[in-house]
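Participant: The structure's right below; bear with me while I get my questions together.
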Amino acid sequence: MLRNAVQPWHLIVVLVVCLLVFGSKRLPDMARSLGRSMRILKSEAHALRSEDAP
């Protein structure tokens with residue numbers, strides 16, 4: 001049913017809308033902060049897994 005839900009032109013439209021809404025100056029900062037957050041989440045999840053293992 002939703003096999004072809006996300007096609008390449010959908011992603012292009014989303015990127016253009018984000019560029020128009022946030023501007024070209026804020027997008028790199030947002031991507032950088034998202035990367036940092038994901039890195040922290042990954043390290044915390046790894047720490048929790050290693051803590052639970054005997």
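Going by the structure tokens order, chains are called A, B, ..., each with residues numbered from 1, while ligands are numbered from 1 in the order shown.
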Based on DSSP run over this structure's backbone, return all residues of chain A in helix (DSSP H, G or I), as number ranges by chain.

Facilitator: A: 8-22, 26-52

Participant: What is the atom CA of Lys42 of chain A to atom CA of Asp29 of chain A distance in Å?

Facilitator: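 Distance reported for this atom pair: 19.9 Å.
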
Participant: Grab the atom CA of Pro28 of chain A to atom CA of Ser43 of chain A distance for me, in Å with one decimal place.

Facilitator: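 Separation between atom CA of Pro28 of chain A and atom CA of Ser43 of chain A: 22.6 Å.
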